[in-house]
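> Got model.cif for you, mmCIF, C-alpha atoms:
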```cif
data_structure
#
loop_
_atom_site.label_atom_id
_atom_site.label_comp_id
_atom_site.auth_asym_id
_atom_site.auth_seq_id
_atom_site.Cartn_x
_atom_site.Cartn_y
_atom_site.Cartn_z
CA MET A 62 -58.21 -29.46 -27.08
CA PHE A 63 -55.34 -31.59 -25.81
CA CYS A 64 -55.06 -35.34 -26.25
CA SER A 65 -55.39 -37.19 -22.95
CA LYS A 66 -52.92 -39.83 -24.11
CA CYS A 67 -50.03 -38.02 -25.78
CA GLY A 68 -50.76 -34.40 -24.84
CA LYS A 69 -50.64 -33.03 -28.40
CA GLU A 70 -52.94 -30.12 -29.15
CA ASN A 71 -55.78 -30.90 -31.58
CA GLU A 72 -58.55 -28.99 -33.33
CA ASP A 73 -61.47 -28.47 -30.94
CA VAL A 74 -63.80 -30.44 -33.22
CA ALA A 75 -61.33 -33.31 -33.77
CA VAL A 76 -62.66 -36.79 -33.12
CA HIS A 77 -59.29 -38.53 -33.04
CA CYS A 78 -55.87 -37.21 -32.08
CA PHE A 79 -53.85 -36.41 -35.20
CA ALA A 80 -50.66 -37.74 -33.64
CA CYS A 81 -51.58 -40.97 -31.89
CA GLY A 82 -55.15 -41.66 -33.02
CA GLU A 83 -56.61 -41.74 -29.51
CA PRO A 84 -60.35 -40.94 -29.53
CA LEU A 85 -60.84 -37.44 -28.13
CA SER A 86 -63.70 -36.87 -25.74
CA GLN A 87 -65.85 -33.90 -26.61
CA ASN A 88 -66.70 -31.83 -23.58
CA GLN A 89 -69.90 -30.47 -25.07
CA PRO A 90 -73.15 -31.73 -23.55
CA GLN A 91 -74.37 -34.83 -25.37
CA ALA A 92 -77.52 -34.60 -27.42
CA PRO A 93 -80.17 -37.01 -26.14
CA GLY A 94 -80.02 -40.42 -27.77
CA VAL A 95 -76.40 -39.97 -28.85
CA SER A 96 -73.98 -42.11 -26.90
CA SER A 97 -70.62 -40.85 -25.71
CA GLN A 98 -68.83 -43.47 -27.82
CA PRO A 99 -66.22 -41.96 -30.14
CA ILE A 100 -67.57 -41.55 -33.65
CA HIS A 101 -66.52 -44.39 -35.86
CA VAL A 102 -66.50 -44.07 -39.62
CA PRO A 103 -65.18 -47.18 -41.40
CA ASN A 104 -62.32 -46.53 -43.82
CA TYR A 105 -62.18 -50.01 -45.46
CA LEU A 106 -58.38 -49.94 -45.32
CA VAL A 107 -58.11 -53.73 -45.01
CA GLN A 108 -60.31 -54.27 -48.06
CA ALA A 109 -58.43 -51.54 -49.95
CA ILE A 110 -55.06 -53.18 -49.25
CA LEU A 111 -56.42 -56.60 -50.21
CA VAL A 112 -57.75 -55.44 -53.57
CA THR A 113 -54.51 -53.54 -54.24
CA ILE A 114 -52.37 -56.61 -53.51
CA PHE A 115 -54.56 -59.29 -55.08
CA CYS A 116 -55.97 -57.42 -58.05
CA CYS A 117 -53.01 -55.09 -58.41
CA LEU A 118 -55.13 -52.36 -59.88
CA PRO A 119 -54.86 -48.59 -59.69
CA PHE A 120 -58.40 -48.65 -58.28
CA GLY A 121 -57.13 -50.27 -55.09
CA ILE A 122 -54.76 -47.31 -54.74
CA VAL A 123 -57.75 -44.95 -55.13
CA ALA A 124 -59.50 -46.87 -52.32
CA ILE A 125 -56.43 -46.44 -50.07
CA ILE A 126 -56.41 -42.70 -50.84
CA PHE A 127 -60.04 -42.44 -49.68
CA ALA A 128 -59.27 -44.59 -46.62
CA ALA A 129 -56.55 -42.10 -45.66
CA GLN A 130 -59.00 -39.24 -46.27
CA VAL A 131 -61.56 -40.81 -43.91
CA ASN A 132 -59.12 -40.80 -41.00
CA GLY A 133 -57.69 -37.40 -41.95
CA LYS A 134 -61.14 -35.84 -41.96
CA LEU A 135 -62.06 -37.53 -38.68
CA GLN A 136 -58.91 -36.07 -37.13
CA ALA A 137 -60.06 -32.65 -38.35
CA GLY A 138 -63.57 -33.22 -36.95
CA ASP A 139 -65.22 -33.32 -40.37
CA VAL A 140 -67.60 -36.23 -39.80
CA SER A 141 -69.77 -35.63 -42.88
CA GLY A 142 -66.67 -35.36 -45.08
CA ALA A 143 -65.31 -38.56 -43.54
CA THR A 144 -68.60 -40.34 -44.21
CA GLU A 145 -68.45 -39.23 -47.85
CA SER A 146 -64.84 -40.47 -48.20
CA SER A 147 -65.87 -43.71 -46.48
CA ARG A 148 -68.57 -44.25 -49.08
CA LYS A 149 -66.03 -43.67 -51.86
CA ALA A 150 -63.44 -45.97 -50.24
CA LYS A 151 -66.07 -48.71 -50.14
CA MET A 152 -67.18 -48.00 -53.72
CA TRP A 153 -63.62 -48.12 -55.12
CA SER A 154 -62.85 -51.31 -53.19
CA TRP A 155 -65.84 -52.91 -54.90
CA ILE A 156 -64.95 -51.49 -58.32
CA SER A 157 -61.42 -52.81 -57.94
CA PHE A 158 -62.69 -56.19 -56.80
CA GLY A 159 -65.21 -56.39 -59.66
CA ILE A 160 -62.71 -55.43 -62.36
CA GLY A 161 -60.08 -57.77 -60.90
CA LEU A 162 -62.59 -60.62 -60.87
CA GLY A 163 -63.73 -59.79 -64.42
CA ILE A 164 -60.18 -59.76 -65.80
CA PHE A 165 -59.42 -63.00 -63.95
CA LEU A 166 -62.50 -64.74 -65.38
CA ILE A 167 -61.70 -63.57 -68.93
CA TYR A 168 -58.14 -64.82 -68.43
CA ILE A 169 -59.37 -68.25 -67.24
CA ILE A 170 -61.79 -68.51 -70.21
CA ILE A 171 -59.04 -67.59 -72.71
CA THR A 172 -56.67 -70.10 -71.09
CA LEU A 173 -59.33 -72.82 -71.33
CA ILE A 174 -60.03 -71.99 -74.99
CA VAL A 175 -56.31 -72.16 -75.79
CA VAL A 176 -55.89 -75.46 -73.92
CA ILE A 177 -58.99 -77.07 -75.48
CA GLY A 178 -58.08 -75.65 -78.92
CA SER A 179 -54.57 -77.11 -78.80
CA GLU A 180 -55.93 -80.57 -77.95
CA MET A 181 -58.44 -80.70 -80.80
CA MET B 53 -78.85 -48.69 -33.55
CA ARG B 54 -76.59 -46.02 -32.27
CA SER B 55 -77.17 -42.85 -34.21
CA ASN B 56 -73.51 -41.83 -34.40
CA HIS B 57 -72.31 -45.22 -35.57
CA ILE B 58 -71.99 -45.71 -39.29
CA SER B 59 -72.17 -49.31 -40.39
CA GLY B 60 -68.86 -50.59 -41.72
CA ASP B 61 -70.41 -53.54 -43.49
CA PHE B 62 -69.94 -54.63 -47.05
CA PHE B 63 -73.19 -56.63 -46.97
CA PRO B 64 -75.50 -54.72 -44.61
CA THR B 65 -78.41 -57.13 -45.14
CA ILE B 66 -76.56 -60.25 -43.98
CA ASN B 67 -76.37 -61.04 -40.27
CA LYS B 68 -73.05 -60.00 -38.73
CA ARG B 69 -72.50 -63.34 -37.02
CA THR B 70 -73.04 -65.22 -40.30
CA LYS B 71 -70.58 -62.93 -42.05
CA SER B 72 -68.00 -63.42 -39.30
CA LEU B 73 -68.33 -67.19 -39.48
CA VAL B 74 -68.07 -67.14 -43.30
CA LEU B 75 -64.97 -64.94 -43.06
CA LEU B 76 -63.42 -67.23 -40.43
CA ALA B 77 -64.17 -70.31 -42.55
CA GLY B 78 -62.75 -68.56 -45.63
CA ILE B 79 -59.47 -67.59 -43.94
CA SER B 80 -59.08 -71.06 -42.37
CA GLY B 81 -59.91 -72.81 -45.65
CA ALA B 82 -57.45 -70.65 -47.59
CA ALA B 83 -54.77 -71.36 -44.97
CA VAL B 84 -55.31 -75.14 -45.26
CA VAL B 85 -55.13 -75.04 -49.09
CA LEU B 86 -52.04 -72.78 -48.99
CA TYR B 87 -50.38 -75.04 -46.41
CA LEU B 88 -50.99 -78.23 -48.39
CA PHE B 89 -50.34 -77.02 -51.94
CA SER B 90 -47.22 -75.06 -52.70
CA PRO B 91 -47.79 -72.22 -55.21
CA HIS B 92 -44.18 -72.90 -56.33
CA GLU B 93 -45.19 -76.13 -58.06
CA SER B 94 -48.90 -76.87 -57.76
CA SER B 95 -51.10 -76.18 -60.77
CA ILE B 96 -54.25 -75.54 -58.71
CA TYR B 97 -53.37 -71.83 -58.59
CA ALA B 98 -53.89 -69.77 -61.73
CA SER B 99 -50.94 -67.62 -62.68
CA CYS B 100 -51.35 -63.89 -62.18
CA PRO B 101 -52.87 -62.27 -65.32
CA PHE B 102 -50.91 -59.06 -64.64
CA ARG B 103 -47.62 -60.98 -64.52
CA VAL B 104 -48.45 -62.96 -67.68
CA LEU B 105 -49.42 -59.85 -69.65
CA THR B 106 -46.77 -57.38 -68.48
CA HIS B 107 -43.93 -59.58 -67.12
CA LEU B 108 -43.72 -57.08 -64.26
CA HIS B 109 -43.77 -57.70 -60.51
CA CYS B 110 -46.69 -55.85 -58.91
CA PRO B 111 -46.57 -54.94 -55.18
CA GLY B 112 -48.51 -58.14 -54.43
CA CYS B 113 -46.30 -60.50 -56.42
CA GLY B 114 -45.11 -63.42 -54.29
CA THR B 115 -47.97 -63.12 -51.79
CA LEU B 116 -49.31 -66.67 -52.19
CA ARG B 117 -45.81 -68.24 -52.22
CA GLY B 118 -44.93 -66.07 -49.21
CA LEU B 119 -48.05 -67.15 -47.30
CA HIS B 120 -47.23 -70.80 -48.08
CA GLU B 121 -43.72 -70.30 -46.65
CA LEU B 122 -45.10 -68.48 -43.58
CA LEU B 123 -47.49 -71.35 -42.86
CA HIS B 124 -44.50 -73.68 -42.92
CA GLY B 125 -42.63 -71.40 -40.51
CA ASN B 126 -40.14 -70.04 -43.05
CA ILE B 127 -40.37 -66.36 -42.18
CA GLY B 128 -37.09 -65.56 -43.94
CA LYS B 129 -38.20 -67.12 -47.22
CA ALA B 130 -41.58 -65.38 -46.97
CA PHE B 131 -39.82 -62.06 -46.38
CA GLY B 132 -37.67 -62.66 -49.45
CA LEU B 133 -40.73 -63.31 -51.60
CA ASN B 134 -42.77 -60.32 -50.46
CA PRO B 135 -41.55 -58.26 -47.47
CA LEU B 136 -44.53 -55.89 -47.78
CA MET B 137 -46.99 -58.76 -47.33
CA VAL B 138 -45.13 -60.06 -44.26
CA LEU B 139 -45.13 -56.59 -42.68
CA LEU B 140 -48.80 -55.91 -43.45
CA LEU B 141 -50.07 -59.34 -42.45
CA PRO B 142 -50.23 -58.70 -38.66
CA PHE B 143 -52.41 -55.62 -39.23
CA MET B 144 -54.66 -57.43 -41.72
CA LEU B 145 -55.07 -60.45 -39.44
CA PHE B 146 -55.59 -58.33 -36.32
CA SER B 147 -58.33 -56.25 -38.00
CA SER B 148 -60.05 -59.35 -39.40
CA LEU B 149 -59.90 -61.16 -36.06
CA LYS B 150 -61.36 -58.12 -34.29
CA TYR B 151 -64.23 -58.10 -36.76
CA ILE B 152 -64.79 -61.87 -36.33
CA VAL B 153 -64.69 -61.71 -32.51
CA ALA B 154 -67.11 -58.78 -32.50
CA GLY B 155 -69.45 -60.60 -34.89
CA ILE B 156 -69.46 -63.90 -33.01
CA THR B 157 -69.68 -62.54 -29.47
CA GLY B 158 -72.01 -59.68 -30.43
CA ARG B 159 -69.87 -57.32 -28.36
CA PRO B 160 -68.50 -54.38 -30.33
CA GLN B 161 -64.71 -54.23 -30.21
CA ARG B 162 -62.91 -50.96 -29.84
CA LYS B 163 -62.01 -49.86 -33.33
CA LEU B 164 -58.37 -49.50 -34.25
CA PHE B 165 -57.75 -45.95 -35.45
CA ILE B 166 -54.73 -45.34 -37.63
CA PRO B 167 -53.70 -41.68 -37.96
CA SER B 168 -54.00 -40.70 -41.62
CA ILE B 169 -50.30 -39.86 -41.93
CA PHE B 170 -49.51 -43.60 -41.58
CA ILE B 171 -51.99 -44.48 -44.35
CA TRP B 172 -50.44 -41.88 -46.68
CA THR B 173 -47.01 -43.29 -45.81
CA LEU B 174 -48.25 -46.80 -46.57
CA LEU B 175 -49.51 -45.61 -49.94
CA VAL B 176 -46.09 -44.17 -50.83
CA ILE B 177 -44.42 -47.40 -49.64
CA ILE B 178 -46.72 -49.62 -51.75
CA ILE B 179 -46.17 -47.54 -54.90
CA SER B 180 -42.38 -47.22 -54.45
CA PHE B 181 -42.14 -50.94 -53.64
CA GLY B 182 -44.06 -51.76 -56.84
CA VAL B 183 -41.68 -49.61 -58.90
CA LEU B 184 -38.38 -50.53 -57.22
CA ARG B 185 -38.86 -54.30 -57.32
CA ASN B 186 -38.91 -54.09 -61.12
CA VAL B 187 -35.54 -52.33 -61.34
CA PRO B 188 -33.19 -55.04 -62.70
CA TYR B 189 -30.10 -53.91 -60.76
CA TYR B 190 -28.72 -54.85 -57.36
CA PRO B 191 -29.86 -54.14 -54.60
CA PHE B 192 -33.39 -53.67 -56.01
CA THR B 193 -33.35 -57.24 -57.32
CA LEU B 194 -33.63 -58.29 -53.66
CA LEU B 195 -37.15 -56.87 -53.63
CA ALA B 196 -38.32 -59.07 -56.51
CA PRO B 197 -39.93 -62.38 -55.54
#
```
Represent the supplied structure as structure tokens.

Amino acid sequence: MFCSKCGKENEDVAVHCFACGEPLSQNQPQAPGVSSQPIHVPNYLVQAILVTIFCCLPFGIVAIIFAAQVNGKLQAGDVSGATESSRKAKMWSWISFGIGLGIFLIYIIITLIVVIGSEM
Amino acid sequence: MRSNHISGDFFPTINKRTKSLVLLAGISGAAVVLYLFSPHESSIYASCPFRVLTHLHCPGCGTLRGLHELLHGNIGKAFGLNPLMVLLLPFMLFSSLKYIVAGITGRPQRKLFIPSIFIWTLLVIIISFGVLRNVPYYPFTLLAP
């Protein structure tokens, strides 16, 4: 299948063009109840970048890896694989956020103890 | 519900419009605080635990100071503090605004699709940036905040 936008050849099952990301229309007859909208699987890239930058944790990097996998698998037409990576990207974004928040709270508590302790 | 659409929501039980409004209020509120109080001198911001413990610059170091400078129109200064943040900000804001507009109007926006090769490249850039900005020799010192 060729991309209608940039003309690059893609896998027949691909959902998005590997080169430019344009949604590829599938020429197969649509199953009833399924719209012709391109399949969208969220990759949580924005959240993954945010937790990487603000929590600075390796877990944010893991979330970005899964975000890349979501789009890679969509480009290859592997919707179930993309959905699985999407779930993991979301999970690791939350783990990163939770650990970042936990460390931050512990840090605030220790700072408060030190400040209060030094004034007593 | 469209059967081929997988929900991209962090809180699937909360109404999308409410979430969009909360997100919009959060971004606006953060912008006001960052505009008014400079992270260079104000004590309302806690220092970064990672920085305190390791004395290293992570890839996000300088983000708050950079955002403060951006809000005051000093793009050059912001770029000097964290070039990665300045370059990523348009994408982050564009994606968030798309989400907010879709949530408030109830009309789904066309999703931005980034080919995976760009995300892998971004990953390499973030990691190399985090390493290089800690190298204490010129020209890498330019990357430190």
> Identify which of the residues B:Leu140, B:Leu108, B:Ile156, B:Leu119 lies closest to B:Val183, counting all atoms listed in the file when measuring atom-to-atom distances.
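Of B:Leu140, B:Leu108, B:Ile156, B:Leu119, the one nearest B:Val183 is B:Leu108, counting all atoms listed in the file.
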> Can you tell me, as JSON, numbers by chain, which residues sit within 8 Å of (-42.3, -62.3, -54.5) in the file's frame, using all atoms listed in the file?
{"B": [109, 112, 113, 114, 115, 117, 118, 132, 133, 134, 195, 196, 197]}
> Mind pulling up the distance from atom CA of B:Ser94 to atom CA of A:Val175?
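Separation between atom CA of A:Val175 and atom CA of B:Ser94: 20.1 Å.
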> Distance limit 9 Å, atoms considered: only C-alpha atoms. Which chain A residues sit that close to chain B? Return them as JSON, numbers by chain.
{"A": [77, 78, 79, 80, 81, 82, 83, 84, 94, 95, 96, 98, 99, 100, 101, 102, 103, 104, 105, 106, 107, 110, 111, 113, 114, 115, 116, 117, 122, 125, 126, 128, 129, 130, 131, 132, 133, 134, 136, 144, 147, 151, 164, 165, 168, 169]}
> Atom CA of A:Ala124 to atom CA of A:Leu162: how many Å, to one decimal?
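Between atom CA of A:Ala124 and atom CA of A:Leu162 the gap works out to 16.5 Å.
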> Have a look at B:Ala130, B:Ile96, B:Ile152, B:Val176 and name the one nearest to B:Arg69; count only C-alpha atoms.
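Closest residue, counting only C-alpha atoms: B:Ile152.
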> Can you spit out chain B with C-alpha atoms, as a CSV table (one decimal), in the first residue's frame, from the structure just given?

```csv
chain,number,residue,atom,x,y,z
B,53,MET,CA,-18.5,4.8,21.8
B,54,ARG,CA,-16.6,4.0,18.6
B,55,SER,CA,-15.4,0.4,18.8
B,56,ASN,CA,-12.0,1.1,17.2
B,57,HIS,CA,-11.2,4.1,19.4
B,58,ILE,CA,-9.2,3.4,22.5
B,59,SER,CA,-9.6,5.9,25.3
B,60,GLY,CA,-6.5,8.0,25.9
B,61,ASP,CA,-7.6,9.1,29.3
B,62,PHE,CA,-5.7,9.0,32.5
B,63,PHE,CA,-8.9,9.3,34.5
B,64,PRO,CA,-11.5,7.5,32.5
B,65,THR,CA,-14.3,8.1,35.1
B,66,ILE,CA,-14.0,11.9,35.1
B,67,ASN,CA,-15.9,13.9,32.5
B,68,LYS,CA,-13.7,15.0,29.6
B,69,ARG,CA,-14.8,18.6,29.7
B,70,THR,CA,-14.1,18.8,33.5
B,71,LYS,CA,-10.6,17.4,32.9
B,72,SER,CA,-10.0,19.8,30.1
B,73,LEU,CA,-11.0,22.8,32.2
B,74,VAL,CA,-8.9,21.5,35.2
B,75,LEU,CA,-5.9,21.1,32.8
B,76,LEU,CA,-6.5,24.6,31.4
B,77,ALA,CA,-6.7,26.1,34.9
B,78,GLY,CA,-3.6,24.3,35.9
B,79,ILE,CA,-1.5,25.4,33.0
B,80,SER,CA,-2.8,29.0,33.4
B,81,GLY,CA,-2.2,29.0,37.2
B,82,ALA,CA,1.3,27.6,36.8
B,83,ALA,CA,2.1,30.3,34.1
B,84,VAL,CA,0.9,33.1,36.5
B,85,VAL,CA,3.0,31.8,39.4
B,86,LEU,CA,6.0,31.3,37.1
B,87,TYR,CA,5.6,34.8,35.7
B,88,LEU,CA,5.3,36.5,39.1
B,89,PHE,CA,7.9,34.6,41.1
B,90,SER,CA,11.4,34.0,39.6
B,91,PRO,CA,12.8,30.6,40.4
B,92,HIS,CA,16.2,32.3,40.4
B,93,GLU,CA,15.5,34.0,43.7
B,94,SER,CA,12.1,33.1,45.1
B,95,SER,CA,11.9,30.5,47.9
B,96,ILE,CA,8.4,29.3,47.0
B,97,TYR,CA,9.9,26.6,44.8
B,98,ALA,CA,11.5,23.6,46.4
B,99,SER,CA,15.0,22.8,45.1
B,100,CYS,CA,15.3,19.7,43.0
B,101,PRO,CA,15.9,16.6,45.1
B,102,PHE,CA,18.0,15.0,42.3
B,103,ARG,CA,20.2,18.1,42.1
B,104,VAL,CA,20.6,18.3,45.9
B,105,LEU,CA,21.5,14.6,46.2
B,106,THR,CA,23.7,14.1,43.2
B,107,HIS,CA,24.9,17.7,42.2
B,108,LEU,CA,24.2,16.6,38.6
B,109,HIS,CA,22.2,18.4,36.0
B,110,CYS,CA,19.4,16.1,34.7
B,111,PRO,CA,17.8,16.7,31.3
B,112,GLY,CA,15.1,18.8,32.9
B,113,CYS,CA,17.4,21.0,35.0
B,114,GLY,CA,16.6,24.7,34.3
B,115,THR,CA,13.1,24.1,33.2
B,116,LEU,CA,11.3,26.3,35.7
B,117,ARG,CA,13.9,29.1,35.3
B,118,GLY,CA,13.6,28.7,31.6
B,119,LEU,CA,9.8,28.9,31.6
B,120,HIS,CA,10.0,32.0,33.8
B,121,GLU,CA,12.4,33.7,31.2
B,122,LEU,CA,10.1,32.6,28.3
B,123,LEU,CA,7.1,34.2,30.0
B,124,HIS,CA,9.1,37.4,30.2
B,125,GLY,CA,10.0,37.1,26.5
B,126,ASN,CA,13.6,36.2,27.0
B,127,ILE,CA,13.8,33.4,24.6
B,128,GLY,CA,17.7,33.5,24.5
B,129,LYS,CA,18.0,33.2,28.2
B,130,ALA,CA,15.5,30.4,28.3
B,131,PHE,CA,17.4,28.6,25.6
B,132,GLY,CA,20.6,29.0,27.6
B,133,LEU,CA,19.0,27.4,30.7
B,134,ASN,CA,17.4,24.5,28.9
B,135,PRO,CA,17.4,24.3,25.1
B,136,LEU,CA,15.6,20.9,25.2
B,137,MET,CA,12.7,22.4,27.1
B,138,VAL,CA,12.4,25.3,24.7
B,139,LEU,CA,12.4,23.0,21.7
B,140,LEU,CA,9.9,20.5,23.2
B,141,LEU,CA,7.5,23.2,24.5
B,142,PRO,CA,5.6,23.9,21.2
B,143,PHE,CA,4.8,20.2,20.9
B,144,MET,CA,3.8,19.8,24.5
B,145,LEU,CA,1.6,23.0,24.4
B,146,PHE,CA,0.1,22.0,21.0
B,147,SER,CA,-0.9,18.5,22.2
B,148,SER,CA,-2.3,19.9,25.5
B,149,LEU,CA,-4.3,22.6,23.7
B,150,LYS,CA,-5.7,20.0,21.2
B,151,TYR,CA,-6.9,17.9,24.1
B,152,ILE,CA,-8.4,21.0,25.9
B,153,VAL,CA,-10.2,22.2,22.7
B,154,ALA,CA,-11.5,18.7,22.0
B,155,GLY,CA,-12.7,18.4,25.7
B,156,ILE,CA,-14.4,21.7,25.8
B,157,THR,CA,-16.1,21.7,22.4
B,158,GLY,CA,-16.9,18.0,22.5
B,159,ARG,CA,-15.6,17.7,18.9
B,160,PRO,CA,-12.8,15.2,18.6
B,161,GLN,CA,-9.6,16.7,17.1
B,162,ARG,CA,-7.5,14.9,14.6
B,163,LYS,CA,-4.8,13.2,16.5
B,164,LEU,CA,-1.2,14.2,15.8
B,165,PHE,CA,0.7,11.1,14.8
B,166,ILE,CA,4.5,11.1,15.2
B,167,PRO,CA,6.4,8.4,13.3
B,168,SER,CA,8.2,6.2,15.8
B,169,ILE,CA,11.6,7.0,14.4
B,170,PHE,CA,11.2,10.6,15.7
B,171,ILE,CA,10.3,9.3,19.2
B,172,TRP,CA,13.4,7.0,19.2
B,173,THR,CA,15.5,10.0,18.1
B,174,LEU,CA,14.0,12.1,20.9
B,175,LEU,CA,14.9,9.4,23.4
B,176,VAL,CA,18.6,9.4,22.2
B,177,ILE,CA,18.6,13.3,22.3
B,178,ILE,CA,17.2,13.4,25.9
B,179,ILE,CA,19.7,10.8,27.2
B,180,SER,CA,22.8,12.4,25.4
B,181,PHE,CA,21.7,15.8,26.5
B,182,GLY,CA,21.5,14.6,30.1
B,183,VAL,CA,25.0,13.1,29.9
B,184,LEU,CA,26.7,15.9,27.9
B,185,ARG,CA,25.5,18.8,30.1
B,186,ASN,CA,27.4,17.3,33.0
B,187,VAL,CA,30.7,17.3,31.1
B,188,PRO,CA,32.7,20.1,32.8
B,189,TYR,CA,34.6,21.1,29.7
B,190,TYR,CA,33.8,23.7,27.0
B,191,PRO,CA,31.7,23.5,24.8
B,192,PHE,CA,29.5,21.1,26.9
B,193,THR,CA,29.4,23.7,29.7
B,194,LEU,CA,27.1,25.7,27.4
B,195,LEU,CA,24.5,23.0,27.8
B,196,ALA,CA,24.4,23.3,31.6
B,197,PRO,CA,21.8,25.7,33.1
```
